[in-house]
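Asks: Okay, handing you the structure first.
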Amino acid sequence: MSDAPTMRAFCACNPDVASVRRLVETQAALRAHPLAPKARWVSPTRMHVTLKFFGDVDVGLAPALSDAISPLARDERTIRVGYAGLTGFPDADRARVVVALLDDAPGEVRRIAEGVEAATGKLGFEREAREFLPHVTLARLERPSDVSAWLASVRLPAPPVTLTELVLYRSDLGSARHEYVALSRFGMGSMHEE
């Protein structure tokens with residue numbers, strides 16, 4: 001058993017500022033609705049589309065993970081997709097999480113997620129077993145709730161969401177606010193690292 005320090009890590013695409021602003025407006029409409037259950041709302045700086053969750057990994061693997069995903073960003077252009085709707089996970093009648101589902105009919109988000117799977121699979125990471133559903137988390141509910149009527153009464157923004165960068169994050173569960181720290185940040189179609 002290794003005593004090497006570990007971190008919880010994941011890879012995500014980040015939306016641009018305009019897309020985040022529109023999602024924050026959606027959050028405000030949801031929060032103000034009389035059917036709204038008690039929830040913790042995701043801050044704008046933490047809105048993202050998770051491509052792959054790695055779990056607890058050796059801190060020393062961060063450079064290798066960055067090297068694996070950076071070519072994907074360089075080869076990928078900015079992704080623009082629409083919204084498929086608001087829903088709850090694991091499902092709308094006993095939701096713990098409220099999300100904005102992306103309409104990835106062209107398969108652009110799925111393609112980059114598959115690229116992350118393939119690139120990090122070479123480092124020994126197992127393929128995700130669950131179906132990939134691109135989404136942005138908006139809220140975490142205090143208790144499982146039926147959110148069907150609530151979510152049906154609020155409209156998502158019409159303009160598409162624009163995903164502009166690929167990020168390797170560390171998730172600090174022990175921090176007071178459960179922070180996400182960007183370890184590497186790569187602009188789509190370019191190569192700039194934080």
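Just so we're on the same page: first chain in the structure tokens is A, next is B, and so on; residues restart at 1 for each chain, and ligands are numbered from 1 in the order they show up.
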Taking 5 positions as the minimum chain separation for residues in the same chain, which residues sit within 8 Å of A:Met47 when counting only C-alpha atoms? Answer as number ranges by chain.

Replies: A: 14-15, 20, 42, 136-138

Asks: Save out the residues we just selected, N, CA and C atoms, as an mmCIF file, in the first residue's frame.

Replies:
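Output below, filename out03.cif:
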```cif
data_model
loop_
_atom_site.group_PDB
_atom_site.id
_atom_site.type_symbol
_atom_site.label_atom_id
_atom_site.label_comp_id
_atom_site.auth_asym_id
_atom_site.auth_seq_id
_atom_site.Cartn_x
_atom_site.Cartn_y
_atom_site.Cartn_z
ATOM 1 N N ASN A 14 -14.990 23.932 -19.533
ATOM 2 C CA ASN A 14 -15.593 25.110 -18.914
ATOM 3 C C ASN A 14 -16.356 25.934 -19.943
ATOM 4 N N PRO A 15 -17.538 26.432 -19.565
ATOM 5 C CA PRO A 15 -18.275 27.342 -20.440
ATOM 6 C C PRO A 15 -17.688 28.748 -20.378
ATOM 7 N N VAL A 20 -22.120 31.164 -18.664
ATOM 8 C CA VAL A 20 -22.268 31.084 -17.205
ATOM 9 C C VAL A 20 -23.277 32.119 -16.720
ATOM 10 N N VAL A 42 -24.750 25.996 -6.910
ATOM 11 C CA VAL A 42 -23.375 25.974 -7.418
ATOM 12 C C VAL A 42 -22.967 27.395 -7.796
ATOM 13 N N VAL A 136 -24.423 20.555 -16.827
ATOM 14 C CA VAL A 136 -23.856 21.505 -15.875
ATOM 15 C C VAL A 136 -24.708 21.417 -14.614
ATOM 16 N N THR A 137 -24.072 21.138 -13.480
ATOM 17 C CA THR A 137 -24.796 21.068 -12.208
ATOM 18 C C THR A 137 -25.127 22.476 -11.734
ATOM 19 N N LEU A 138 -26.390 22.680 -11.348
ATOM 20 C CA LEU A 138 -26.858 23.987 -10.880
ATOM 21 C C LEU A 138 -27.097 24.020 -9.373
#
```

Asks: Got a sec to tell me which of stretch 1-139 of chain A DSSP assigns to strand (DSSP E or B), as a VMD selection string?

Replies: chain A and resid 6 to 15 39 to 41 49 to 58 79 to 89 95 to 103 135 to 139

Asks: Given only C-alpha atoms as the basis, pick out the residue of A:Ala73, A:Ala129, A:Arg185, A:Ala149 nearest to A:Thr87.

Replies: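 Distance minimum relative to A:Thr87 lands on A:Ala149.
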
Asks: What are the DSSP alpha helix (DSSP H) residues of stretch 43-176 of chain A, as an mmCIF file with C-alpha atoms, in the first residue's frame?

Replies:
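result06.cif, written as the output of this step:
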```
data_model
loop_
_atom_site.group_PDB
_atom_site.id
_atom_site.type_symbol
_atom_site.label_atom_id
_atom_site.label_comp_id
_atom_site.auth_asym_id
_atom_site.auth_seq_id
_atom_site.Cartn_x
_atom_site.Cartn_y
_atom_site.Cartn_z
ATOM 1 C CA ALA A 62 -0.932 15.431 -12.342
ATOM 2 C CA PRO A 63 1.754 16.237 -14.976
ATOM 3 C CA ALA A 64 1.039 12.994 -16.860
ATOM 4 C CA LEU A 65 -2.705 13.709 -16.839
ATOM 5 C CA SER A 66 -2.069 17.233 -18.104
ATOM 6 C CA ASP A 67 0.183 15.908 -20.864
ATOM 7 C CA ALA A 68 -2.496 13.383 -21.844
ATOM 8 C CA ILE A 69 -5.335 15.911 -22.196
ATOM 9 C CA SER A 70 -3.469 18.929 -23.614
ATOM 10 C CA PRO A 71 -3.372 17.625 -27.229
ATOM 11 C CA LEU A 72 -7.166 17.163 -27.102
ATOM 12 C CA ALA A 73 -7.628 20.880 -26.415
ATOM 13 C CA ARG A 74 -5.158 21.874 -29.106
ATOM 14 C CA ASP A 75 -6.946 19.735 -31.687
ATOM 15 C CA GLU A 108 -19.102 17.059 -30.016
ATOM 16 C CA VAL A 109 -18.960 16.883 -26.223
ATOM 17 C CA ARG A 110 -19.102 13.090 -26.308
ATOM 18 C CA ARG A 111 -16.194 13.068 -28.775
ATOM 19 C CA ILE A 112 -13.907 15.026 -26.462
ATOM 20 C CA ALA A 113 -15.016 12.919 -23.463
ATOM 21 C CA GLU A 114 -14.122 9.820 -25.461
ATOM 22 C CA GLY A 115 -10.748 11.401 -26.243
ATOM 23 C CA VAL A 116 -10.129 11.922 -22.516
ATOM 24 C CA GLU A 117 -11.122 8.292 -21.849
ATOM 25 C CA ALA A 118 -8.715 7.009 -24.502
ATOM 26 C CA ALA A 119 -5.807 9.278 -23.520
ATOM 27 C CA THR A 120 -6.059 8.586 -19.797
ATOM 28 C CA GLY A 121 -6.751 4.894 -20.374
ATOM 29 C CA SER A 148 -40.644 17.571 -12.084
ATOM 30 C CA ALA A 149 -43.225 20.358 -11.677
ATOM 31 C CA TRP A 150 -40.672 22.860 -10.409
ATOM 32 C CA LEU A 151 -38.227 22.339 -13.276
ATOM 33 C CA ALA A 152 -40.986 22.248 -15.910
#
```

Asks: Interatomic distance between atom CA of A:Tyr83 and atom CA of A:Val161?

Replies: 7.5 Å

Asks: For atom CA of A:Val59 and atom CA of A:Val167, quote the distance in Å rounded to one decimal.

Replies: 16.0 Å

Asks: Hey, could you make a per-residue contact list for stretch 44-124 of chain A against stretch 1-10 of chain A with 9 Å as the cut-off, showing the nearest pair of atoms and its distance in Å to one decimal, counting only C-alpha atoms, sorted by chain and number, as CSV?

Replies:
```
residue,atom,partner,partner_atom,distance
A:Thr50,CA,A:Phe10,CA,7.1
A:Leu51,CA,A:Phe10,CA,7.6
A:Lys52,CA,A:Phe10,CA,5.6
A:Phe53,CA,A:Phe10,CA,4.2
A:Phe54,CA,A:Phe10,CA,5.3
A:Gly55,CA,A:Arg8,CA,5.0
A:Asp56,CA,A:Arg8,CA,4.3
A:Val57,CA,A:Thr6,CA,5.2
A:Asp58,CA,A:Thr6,CA,4.4
A:Val59,CA,A:Thr6,CA,5.0
A:Gly60,CA,A:Pro5,CA,8.2
A:Ala62,CA,A:Ala9,CA,8.7
```

Asks: Name all residues at most 9 Å from A:Pro160 (count only C-alpha atoms; drop same-chain ones fewer than 3 positions away) and give them as a PyMOL selection string.

Replies: chain A and resi 19+80-83+102+157

Asks: Write the residues of the preceding selection, restricted to N, CA and C atoms, as a PDB file, in the first residue's frame.

Replies:
```pdb
ATOM      1  N   SER A  19     -22.118  32.239 -21.240  1.00  0.00           N
ATOM      2  CA  SER A  19     -22.900  31.028 -20.959  1.00  0.00           C
ATOM      3  C   SER A  19     -23.147  30.891 -19.465  1.00  0.00           C
ATOM      4  N   ARG A  80     -20.026  24.536 -29.347  1.00  0.00           N
ATOM      5  CA  ARG A  80     -21.297  25.228 -29.075  1.00  0.00           C
ATOM      6  C   ARG A  80     -22.424  24.207 -29.198  1.00  0.00           C
ATOM      7  N   VAL A  81     -23.146  24.021 -28.101  1.00  0.00           N
ATOM      8  CA  VAL A  81     -24.276  23.085 -28.099  1.00  0.00           C
ATOM      9  C   VAL A  81     -25.459  23.749 -27.400  1.00  0.00           C
ATOM     10  N   GLY A  82     -26.646  23.244 -27.677  1.00  0.00           N
ATOM     11  CA  GLY A  82     -27.843  23.770 -27.037  1.00  0.00           C
ATOM     12  C   GLY A  82     -28.139  23.046 -25.733  1.00  0.00           C
ATOM     13  N   TYR A  83     -29.296  23.353 -25.161  1.00  0.00           N
ATOM     14  CA  TYR A  83     -29.750  22.711 -23.936  1.00  0.00           C
ATOM     15  C   TYR A  83     -30.851  21.713 -24.257  1.00  0.00           C
ATOM     16  N   LEU A 102     -27.168  19.131 -21.608  1.00  0.00           N
ATOM     17  CA  LEU A 102     -26.784  19.686 -22.902  1.00  0.00           C
ATOM     18  C   LEU A 102     -27.330  18.820 -24.019  1.00  0.00           C
ATOM     19  N   PRO A 157     -32.033  29.152 -20.836  1.00  0.00           N
ATOM     20  CA  PRO A 157     -31.728  30.186 -21.826  1.00  0.00           C
ATOM     21  C   PRO A 157     -31.715  29.617 -23.236  1.00  0.00           C
TER      22      PRO A 157
END
```

Asks: To one decimal in Å, tell me the separation between atom CA of A:Leu61 and atom CA of A:Glu165.

Replies: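 We find that atom CA of A:Leu61 and atom CA of A:Glu165 lie 20.7 Å from each other.
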
Asks: So, with only C-alpha atoms as the atoms that count, which of A:Cys11, A:Lys122, A:Gly107, A:Arg46 lies closest to A:His178?

Replies: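 Nearest candidate to A:His178 out of A:Cys11, A:Lys122, A:Gly107, A:Arg46: A:Arg46.
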
Asks: Any idea what's packed within 10 Å of A:Val17, counting only C-alpha atoms, ignoring anything in its chain fewer than 5 positions away? Could you give it as a ChimeraX atom specification?

Replies: /A:22-23,44-45,161-164

Asks: How about saving the chosen residues, N, CA and C atoms kept, as a PDB file, in the first residue's frame?

Replies:
```pdb
ATOM      1  N   ARG A  22     -25.849  33.323 -18.241  1.00  0.00           N
ATOM      2  CA  ARG A  22     -27.214  32.868 -18.542  1.00  0.00           C
ATOM      3  C   ARG A  22     -27.648  31.738 -17.598  1.00  0.00           C
ATOM      4  N   LEU A  23     -26.715  30.870 -17.226  1.00  0.00           N
ATOM      5  CA  LEU A  23     -27.041  29.803 -16.279  1.00  0.00           C
ATOM      6  C   LEU A  23     -27.328  30.369 -14.883  1.00  0.00           C
ATOM      7  N   PRO A  44     -20.992  30.405  -9.731  1.00  0.00           N
ATOM      8  CA  PRO A  44     -20.635  30.553 -11.148  1.00  0.00           C
ATOM      9  C   PRO A  44     -19.215  30.076 -11.468  1.00  0.00           C
ATOM     10  N   THR A  45     -18.289  30.258 -10.536  1.00  0.00           N
ATOM     11  CA  THR A  45     -16.892  29.866 -10.791  1.00  0.00           C
ATOM     12  C   THR A  45     -16.697  28.357 -10.806  1.00  0.00           C
ATOM     13  N   VAL A 161     -24.783  26.955 -25.146  1.00  0.00           N
ATOM     14  CA  VAL A 161     -23.651  27.068 -24.228  1.00  0.00           C
ATOM     15  C   VAL A 161     -22.379  26.905 -25.053  1.00  0.00           C
ATOM     16  N   THR A 162     -21.386  27.715 -24.758  1.00  0.00           N
ATOM     17  CA  THR A 162     -20.114  27.670 -25.478  1.00  0.00           C
ATOM     18  C   THR A 162     -19.035  27.164 -24.533  1.00  0.00           C
ATOM     19  N   LEU A 163     -18.422  26.035 -24.889  1.00  0.00           N
ATOM     20  CA  LEU A 163     -17.348  25.446 -24.083  1.00  0.00           C
ATOM     21  C   LEU A 163     -16.019  25.852 -24.702  1.00  0.00           C
ATOM     22  N   THR A 164     -15.183  26.501 -23.901  1.00  0.00           N
ATOM     23  CA  THR A 164     -13.990  27.137 -24.456  1.00  0.00           C
ATOM     24  C   THR A 164     -12.663  26.578 -23.962  1.00  0.00           C
TER      25      THR A 164
END
```

Asks: When distances are computed from only C-alpha atoms, which of A:Leu168, A:Arg94, A:Arg130, A:Leu123 shows the smallest separation from A:Tyr180?

Replies: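 Nearest candidate to A:Tyr180 out of A:Leu168, A:Arg94, A:Arg130, A:Leu123: A:Leu168.
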
Asks: Taking only C-alpha atoms into account, name the residue in A:Ala84, A:Val49, A:Leu141, A:Leu35 that is nearest to A:Val98.

Replies: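 Comparing A:Ala84, A:Val49, A:Leu141, A:Leu35 against A:Val98, the winner is A:Leu141.
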